[in-house]
Amino acid sequence: MSVPARTVRRVILEAVKFGAVGGSGVLVNFLVFNLLLHGLGRRAMTATVLASLIAMGTNFLGFRYFTYRDRASRTRQQIALFFVFSAIGIAMESGLFYIGYHGLGLHGPVESNEVKGVSIVLASAFRFLVYRTWVFRH
């Protein structure tokens with residue numbers, strides 16, 4: 001197998017693992033979000049930020065011990081970078097959610113979940129790039 005083909009295969013496998021961990025984080029994110037917003041009647045922005053923070057914690061464990069377990073050992077710098085970039089991702093996700101929920105008036109249970117989903121997808125693209133480039137480097 002040529003070097004470029006191996007590289008492509010490795011990146012595809014990494015993206016699949018990232019998707020598996022990220023998918024479980026999305027599930028956690030949606031469950032907590034819906035419990036807080038639609039179940040307990042918390043404010044929308046509180047629900048989205050808390051749900052994202054809880055998902056961030058579960059994602060760290062999945063990325064560190066599954067997706068990127070073959071990369072640099074756990075260091076303070078790696079942990080700090082993960083949480084800094086995750087916080088930026090949460091800010092992006094929350095900002096996008098705010099625009100849809102408050103700016104566009106998408107308040108219903110279905111609409112709020114659609115806005116939440118779009119905001120997660122867009123912020124996750126950012127996270128994938130920065131995690132593989134700066135946090136879990138080879």
# chains A, B, ... in the order shown; residues from 1 in each chain; ligands from 1
call {"tool": "residues_around", "arguments": {"residues": "Ala123 of chain A", "least_positions_apart": "3", "cutoff": "12 Å", "atoms": "only C-alpha atoms", "output": "list of chain:residue names"}}
result
A:Gly22, A:Val26, A:Ser52, A:Phe85, A:Ser86, A:Ala87, A:Ile88, A:Gly89, A:Ile90, A:Ala91, A:Met92, A:Glu93, A:Ser94, A:Gly95, A:Leu96, A:Phe97, A:Lys116, A:Gly117, A:Val118, A:Ser119, A:Ile120, A:Phe126, A:Arg127, A:Phe128, A:Leu129, A:Val130
call {"tool": "select_by_dssp", "arguments": {"residues": "segment 61-113 of chain A", "states": "alpha helix (DSSP H)", "output": "JSON, numbers by chain"}}
result
{"A": [61, 62, 76, 77, 78, 79, 80, 81, 82, 83, 84, 85, 86, 87, 88, 89, 90, 91, 92, 93, 94, 95, 96, 97, 98, 109, 110, 111, 112, 113]}
call {"tool": "residues_around", "arguments": {"residues": "segment 56-66 of chain A", "least_positions_apart": "2", "cutoff": "9 Å", "atoms": "only C-alpha atoms", "output": "short mmCIF file (atom, residue, chain, number, x, y, z; two decimals) with N, CA and C atoms, in the first residue's frame"}}
result
data_model
loop_
_atom_site.label_atom_id
_atom_site.label_comp_id
_atom_site.auth_asym_id
_atom_site.auth_seq_id
_atom_site.Cartn_x
_atom_site.Cartn_y
_atom_site.Cartn_z
N LYS A 17 -13.63 6.67 14.39
CA LYS A 17 -13.53 6.62 15.85
C LYS A 17 -14.00 7.94 16.47
N PHE A 18 -13.59 9.05 15.86
CA PHE A 18 -14.03 10.36 16.34
C PHE A 18 -15.56 10.42 16.30
N ALA A 20 -17.68 7.91 16.45
CA ALA A 20 -18.27 7.03 17.47
C ALA A 20 -18.28 7.70 18.84
N VAL A 21 -17.14 8.26 19.21
CA VAL A 21 -17.07 8.96 20.50
C VAL A 21 -17.94 10.21 20.46
N GLY A 22 -17.82 10.96 19.38
CA GLY A 22 -18.63 12.16 19.24
C GLY A 22 -20.11 11.86 19.24
N SER A 24 -21.61 9.40 20.79
CA SER A 24 -22.05 9.15 22.17
C SER A 24 -22.14 10.46 22.94
N GLY A 25 -21.23 11.40 22.66
CA GLY A 25 -21.28 12.71 23.28
C GLY A 25 -22.51 13.49 22.84
N VAL A 28 -25.43 12.15 24.80
CA VAL A 28 -25.40 12.73 26.15
C VAL A 28 -25.87 14.18 26.10
N ASN A 29 -25.36 14.93 25.12
CA ASN A 29 -25.71 16.33 24.97
C ASN A 29 -27.22 16.51 24.80
N ALA A 51 -25.50 21.02 29.09
CA ALA A 51 -25.47 19.77 28.33
C ALA A 51 -24.15 19.63 27.58
N SER A 52 -23.67 20.72 27.01
CA SER A 52 -22.40 20.68 26.28
C SER A 52 -21.22 20.42 27.21
N LEU A 53 -21.25 21.01 28.39
CA LEU A 53 -20.17 20.78 29.36
C LEU A 53 -20.11 19.32 29.81
N ILE A 54 -21.26 18.74 30.08
CA ILE A 54 -21.30 17.33 30.50
C ILE A 54 -20.82 16.43 29.35
N TYR A 68 -7.83 8.47 20.29
CA TYR A 68 -6.44 8.91 20.19
C TYR A 68 -5.54 8.21 21.21
N ARG A 69 -5.85 7.00 21.57
CA ARG A 69 -5.05 6.31 22.59
C ARG A 69 -3.63 6.03 22.13
N ASP A 70 -3.41 6.01 20.82
CA ASP A 70 -2.08 5.74 20.28
C ASP A 70 -1.20 6.98 20.21
N ARG A 71 -1.73 8.10 20.59
CA ARG A 71 -0.98 9.35 20.49
C ARG A 71 -0.32 9.71 21.81
N SER A 73 1.17 10.67 25.29
CA SER A 73 0.64 10.31 26.60
C SER A 73 -0.07 11.51 27.22
N ARG A 74 -0.91 11.21 28.18
CA ARG A 74 -1.69 12.26 28.84
C ARG A 74 -0.75 13.22 29.56
N ILE A 79 -4.32 18.00 28.25
CA ILE A 79 -5.60 18.20 28.95
C ILE A 79 -6.03 19.65 28.85
N PHE A 82 -7.20 20.41 25.33
CA PHE A 82 -8.52 19.81 25.09
C PHE A 82 -9.62 20.70 25.65
N PHE A 83 -9.46 21.12 26.89
CA PHE A 83 -10.51 21.91 27.51
C PHE A 83 -10.60 23.33 26.96
N SER A 86 -12.27 22.79 23.60
CA SER A 86 -13.64 22.39 23.87
C SER A 86 -14.48 23.58 24.29
N ALA A 87 -13.91 24.45 25.10
CA ALA A 87 -14.63 25.66 25.52
C ALA A 87 -14.93 26.55 24.33
N ILE A 90 -17.77 24.93 22.61
CA ILE A 90 -19.03 25.17 23.33
C ILE A 90 -19.52 26.60 23.07
N PHE A 136 -4.29 15.96 20.28
CA PHE A 136 -3.84 14.56 20.24
C PHE A 136 -2.91 14.35 19.05
#
call {"tool": "residues_around", "arguments": {"residues": "segment 45-50 of chain A", "least_positions_apart": "4", "cutoff": "6 Å", "atoms": "only C-alpha atoms", "output": "list in words"}}
result
Phe33, Leu36 and Leu37 of chain A
call {"tool": "write_last_selection", "arguments": {"atoms": "N, CA, C and O atoms", "output": "PDB file, in the first residue's frame"}}
result
ATOM      1  N   PHE A  33     -29.763  18.102  27.522  1.00  0.00           N
ATOM      2  CA  PHE A  33     -30.435  19.299  27.017  1.00  0.00           C
ATOM      3  C   PHE A  33     -31.953  19.174  27.136  1.00  0.00           C
ATOM      4  O   PHE A  33     -32.620  20.060  27.672  1.00  0.00           O
ATOM      5  N   LEU A  36     -33.179  19.080  30.806  1.00  0.00           N
ATOM      6  CA  LEU A  36     -33.151  20.394  31.443  1.00  0.00           C
ATOM      7  C   LEU A  36     -34.179  21.354  30.853  1.00  0.00           C
ATOM      8  O   LEU A  36     -34.903  22.023  31.597  1.00  0.00           O
ATOM      9  N   LEU A  37     -34.245  21.440  29.523  1.00  0.00           N
ATOM     10  CA  LEU A  37     -35.118  22.431  28.890  1.00  0.00           C
ATOM     11  C   LEU A  37     -36.583  22.008  28.912  1.00  0.00           C
ATOM     12  O   LEU A  37     -37.440  22.739  29.388  1.00  0.00           O
TER      13      LEU A  37
END
call {"tool": "atom_distance", "arguments": {"atom1": "atom CA of Ser112 of chain A", "atom2": "atom CA of Gly100 of chain A"}}
result
7.9 Å
call {"tool": "atom_distance", "arguments": {"atom1": "atom CA of Leu13 of chain A", "atom2": "atom CA of Thr75 of chain A"}}
result
24.0 Å
call {"tool": "decode", "arguments": {"residues": "segment 44-55 of chain A", "atoms": "all heavy atoms", "output": "CSV table (one decimal), in the first residue's frame"}}
result
chain,number,residue,atom,x,y,z
A,44,ALA,N,-33.2,28.0,28.1
A,44,ALA,CA,-32.6,27.4,27.0
A,44,ALA,C,-31.1,27.5,26.9
A,44,ALA,O,-30.4,26.5,26.7
A,44,ALA,CB,-33.2,28.0,25.7
A,45,MET,N,-30.5,28.6,27.2
A,45,MET,CA,-29.1,28.8,27.2
A,45,MET,C,-28.4,28.0,28.3
A,45,MET,O,-27.4,27.5,28.1
A,45,MET,CB,-28.7,30.3,27.2
A,45,MET,CG,-29.1,31.0,25.9
A,45,MET,SD,-28.5,30.2,24.4
A,45,MET,CE,-26.8,30.3,24.5
A,46,THR,N,-29.0,28.0,29.5
A,46,THR,CA,-28.5,27.2,30.6
A,46,THR,C,-28.5,25.7,30.2
A,46,THR,O,-27.5,25.0,30.4
A,46,THR,CB,-29.4,27.4,31.9
A,46,THR,OG1,-29.4,28.8,32.2
A,46,THR,CG2,-28.9,26.6,33.0
A,47,ALA,N,-29.6,25.3,29.6
A,47,ALA,CA,-29.7,23.9,29.2
A,47,ALA,C,-28.6,23.5,28.2
A,47,ALA,O,-28.0,22.5,28.3
A,47,ALA,CB,-31.1,23.6,28.7
A,48,THR,N,-28.4,24.3,27.2
A,48,THR,CA,-27.5,24.0,26.1
A,48,THR,C,-26.1,24.0,26.6
A,48,THR,O,-25.2,23.2,26.3
A,48,THR,CB,-27.7,24.9,24.9
A,48,THR,OG1,-27.0,24.2,23.8
A,48,THR,CG2,-27.2,26.3,25.0
A,49,VAL,N,-25.7,25.0,27.4
A,49,VAL,CA,-24.3,25.1,27.9
A,49,VAL,C,-24.0,24.0,28.9
A,49,VAL,O,-23.0,23.3,28.8
A,49,VAL,CB,-24.1,26.5,28.6
A,49,VAL,CG1,-22.7,26.5,29.3
A,49,VAL,CG2,-24.1,27.6,27.6
A,50,LEU,N,-24.9,23.7,29.9
A,50,LEU,CA,-24.7,22.6,30.8
A,50,LEU,C,-24.6,21.2,30.1
A,50,LEU,O,-23.8,20.4,30.4
A,50,LEU,CB,-25.8,22.5,31.9
A,50,LEU,CG,-25.7,23.6,32.9
A,50,LEU,CD1,-26.9,23.5,33.9
A,50,LEU,CD2,-24.4,23.5,33.7
A,51,ALA,N,-25.5,21.0,29.1
A,51,ALA,CA,-25.5,19.8,28.3
A,51,ALA,C,-24.1,19.6,27.6
A,51,ALA,O,-23.5,18.5,27.5
A,51,ALA,CB,-26.6,19.7,27.3
A,52,SER,N,-23.7,20.7,27.0
A,52,SER,CA,-22.4,20.7,26.3
A,52,SER,C,-21.2,20.4,27.2
A,52,SER,O,-20.3,19.7,26.9
A,52,SER,CB,-22.2,22.0,25.5
A,52,SER,OG,-23.2,22.2,24.6
A,53,LEU,N,-21.2,21.0,28.4
A,53,LEU,CA,-20.2,20.8,29.4
A,53,LEU,C,-20.1,19.3,29.8
A,53,LEU,O,-19.0,18.7,29.9
A,53,LEU,CB,-20.3,21.7,30.6
A,53,LEU,CG,-20.0,23.2,30.3
A,53,LEU,CD1,-20.5,24.0,31.5
A,53,LEU,CD2,-18.5,23.4,30.1
A,54,ILE,N,-21.3,18.7,30.1
A,54,ILE,CA,-21.3,17.3,30.5
A,54,ILE,C,-20.8,16.4,29.4
A,54,ILE,O,-20.0,15.5,29.6
A,54,ILE,CB,-22.7,17.0,31.0
A,54,ILE,CG1,-23.0,17.7,32.3
A,54,ILE,CG2,-22.8,15.4,31.2
A,54,ILE,CD1,-24.4,17.7,32.7
A,55,ALA,N,-21.3,16.7,28.1
A,55,ALA,CA,-20.8,15.9,27.0
A,55,ALA,C,-19.3,16.1,26.8
A,55,ALA,O,-18.6,15.1,26.4
A,55,ALA,CB,-21.6,16.4,25.7
